[in-house]
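Worksheet: the structure to be examined is printed underneath.
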Amino acid sequence: MLSRLVFISLLSLTLNFVTAEDAMDARFALLSKTFVNEYPALSPVGATGLGDHRFDGKLDEISAEARQREREFYQHWLKQLASFDRSQLSRAHQVDLSLLKKKLERELWSLNELQEWAWNPIEFTQTAGQSIYGLMSREFAPVEMRLTNVAARLEQFPRFYQQIRETLEPARVPQIHAETAIKQNRGVLKIIENMVLPQIDKLDEATQTRLKQAILIATEAVEEHQTWLVKELLPNAKGNFRLGPELFDEKLKHSLNGSFTRQELRERAEYELKRTRAEMYQLARQVLTGNNNLELPEVPTDDQQQAGIEAGLELAYEQLPPRDGIVAAAEKSMVITTDFIRKHKIMTIPDDPLEIILMPEFQRGVSVAYCDSPGALEVGQQTYYAVAPLPESWSDEQCTSFLREYNILSIHNLTVHEAMPGHFVQLAYSNRYPSKLRSLLSSGTFIEGWACYTEQMMSEEGFMNRDPLMRLVTLKWYLRTIANVILDQSMHVDGIRREEAMKLMTRDTFQQESEASGKWIRSQVTAAQLSTYFVGVQEHRDMRETVEKSWGNEFTLQKYHDAVVLHGSPPVKYVKAILLDEAIPE
């Protein structure tokens with residue numbers, strides 16, 4: 001039996017240990033709140049998007065002084081994190097510490113090494129558009145207050161555009177970036193026309209007068225900037241859009257949280273390309289049963305495989321929405337996907353509001369659709385599933401090419417990815433995570449990987465009555481994910497030319513000309529982002545397989561999926577460690 005003195009000594013040591021650990025956790029919790037409070041001030045427009053509305057009347061500073069303040073901010077916080085003993089933090093705080101450290105390092109690298117502020121004008125056209133769209137797209141405050149902040153931001157447009165022109169270095173700007181910025185720049189005027197002016201009569205006379213004057217000031221600033229983009233920037237845009245191996249590998253490491261090297265990604269992608277095409281060929285044989293015009297042996301030649309898959313996909317291309325019917329088709333698809341998830345107990349659907357809209361003009365030209373979820377600091381606000389309309393200038397041939405790619409079955413798959421149970425569902429849960437710091441530190445690989453994983457999962461669970469043609473289309477979309485990662489590194493490291501890239505997309509992965517042409521542009525104006533889809537889906541599938549084995553008979557899809565989305569949007573490896581009670585990765 002322990003003596004009273006020894007017992008008291010052991011109890012004291014235990015209490016001291018617990019107190020030290022609790023103190024470290026409490027200090028990190030306080031630091032987290034401080035960071036969440038201070039970080040949004042770096043970008044007022046970004047703060048609005050996050051759901052922090054303290055800076056809604058301000059517009060971002062684009063200057064060397066602003067970048068230096070940002071640089072010092074990140075350096076200060078890295079020093080703060082260095083004072084923590086990670087082993088004395090709770091598991092949740094260990095995750096947040098690792099994520100925050102990596103974010104700060106990534107932001108510093110972007111400022112100092114990548115330097116997009118000097119050569120990427122698209123970033124600034126996006127900021128201008130978001131500065132007004134972010135205030136008007138959601139009813140987070142009375143419309144009178146939001147319109148007053150619109151006026152305040154519009155009054156700052158001349159300063160904002162002047163700083164952009166002083167910051168960009170035309171000789172470093174790639175031509176494709178200049179061309180895309182020219183297409184997007186006037187989009188903010190459409191937002192004013194469509195979202196601001198229809199509500200102006202809700203203001204008192206004095207505020208109406210101020211807003212109208214601010215619109216005139218902003219319109220003049222936008223047009224002046226448009227002239228500069230066309231006459232000054234574009235003729236002198238001599239930069240190389242290809243990052244090169246050093247910058248690309250570093251950006252890839254930051255984007256993927258060190259999951260795969262470029263070489264490992266290429267090997268896995270090429271393996272998946274062959275495996276998926278083989279499965280698609282067998283599905284094509286199934287849907288083409290009775291077709292005597294094609295030779296479809298069980299073991300085909302390369303040409304037979306190509307012809308068979310193309311013929312199978314032609315059956316899907318017969319199911320086209322009308323030229324002006326993509327949004328209506330997406331709305332119908334939303335009902336079908338939601339009913340399937342509930343009936344088959346795929347996961348629990350949150351009750352957050354969701355609306356399908358036409359994509360705002362300032363966002364067009366990079367992607368066909370996206371999920372515009374509320375900011376990381378907001379819960380329950382409107383989510384938008386935005387779909388780009390067909391440009392009025394397109395010929396019938398261009399429209400047909402687009403609609404063949406986005407046929408009715410493809411729209412079902414698009415809805416799965418962007419909304420049910422893809423981005424909308426996952427991000428709605430992510431915003432509910434108690435740590436606001438975690439909400440700020442989201443991983444694109446987790447988010448995009450989840451959406452791609454849900455495409456394959458829904459198909460495997462029998463979505464659309466196990467129609468083999470639906471499965472064929474879903475696998476075609478997976479081929480796009482594979483092509484993305486190959487194109488990403490081929491573009492920025494290997495120097496792929498348009499002819500080779502178009503062959504990869506149109507022949508090897510069966511994309512229509514319009515889709516492939518858009519992706520050719522997107523791969524030039526982005527880097528590493530296209531790889532997040534493939535890496536993320538691999539990580540999600542690997543995690544599910546591991547957890548399913550570990551949980552055994554206790555595993556159900558609803559239990560698993562609900563558990564996966566409850567921890568914010570950190571890289572998959574952290575969620576896996578949490579679900580399996582493993583050590584939290586560094």
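Chain lettering (A, B, ...) mirrors the order of the structure tokens, residue numbering begins at 1 for each chain separately, and ligand numbering begins at 1 in order of display.
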| task | Looking only at alpha helix (DSSP H) from DSSP on the backbone, list the matching residues of region 7-254 of chain A as number ranges by chain. | result | A: 7-38, 44-50, 64-81, 91-109, 116-119, 122-136, 143-155, 157-167, 175-185, 187-191, 205-228, 234-236, 245-254
Region 207-303 of chain A near region 489-493 of chain A within 8 Å: what's each residue's closest atom pair and its distance in Å to one decimal, counting only C-alpha atoms, ordered by chain then ascending residue number, as a Markdown table?
| residue | atom | partner | partner_atom | distance |
| --- | --- | --- | --- | --- |
| A:Phe241 | CA | A:His492 | CA | 7.6 |
| A:Arg242 | CA | A:His492 | CA | 4.3 |
| A:Leu243 | CA | A:His492 | CA | 5.2 |
| A:Gly244 | CA | A:Val493 | CA | 4.8 |
| A:Pro245 | CA | A:Val493 | CA | 5.0 |
| A:Phe248 | CA | A:His492 | CA | 6.7 |
| A:Arg262 | CA | A:Gln489 | CA | 7.4 |
| Smallest atom-to-atom distance to Thr509 (chain A): which of A:Gln306, A:Ser395, A:Glu314, A:His423, using only C-alpha atoms? | A:Gln306
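Using only C-alpha atoms, the nearest neighbour of Met359 (chain A) within the list A:Met334, A:Ala218, A:Ala419, A:Pro389 is A:Pro389.
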| remark: One residue among A:Arg153, A:Arg471, A:Lys549, A:Arg438 is nearest to Ser98 (chain A) when using only C-alpha atoms, and that residue is A:Arg438
| message | Counting only C-alpha atoms, which residue out of A:Leu315, A:Val387, A:Ile122, A:Ala428 sits closest to Pro468 (chain A)? | response | A:Leu315
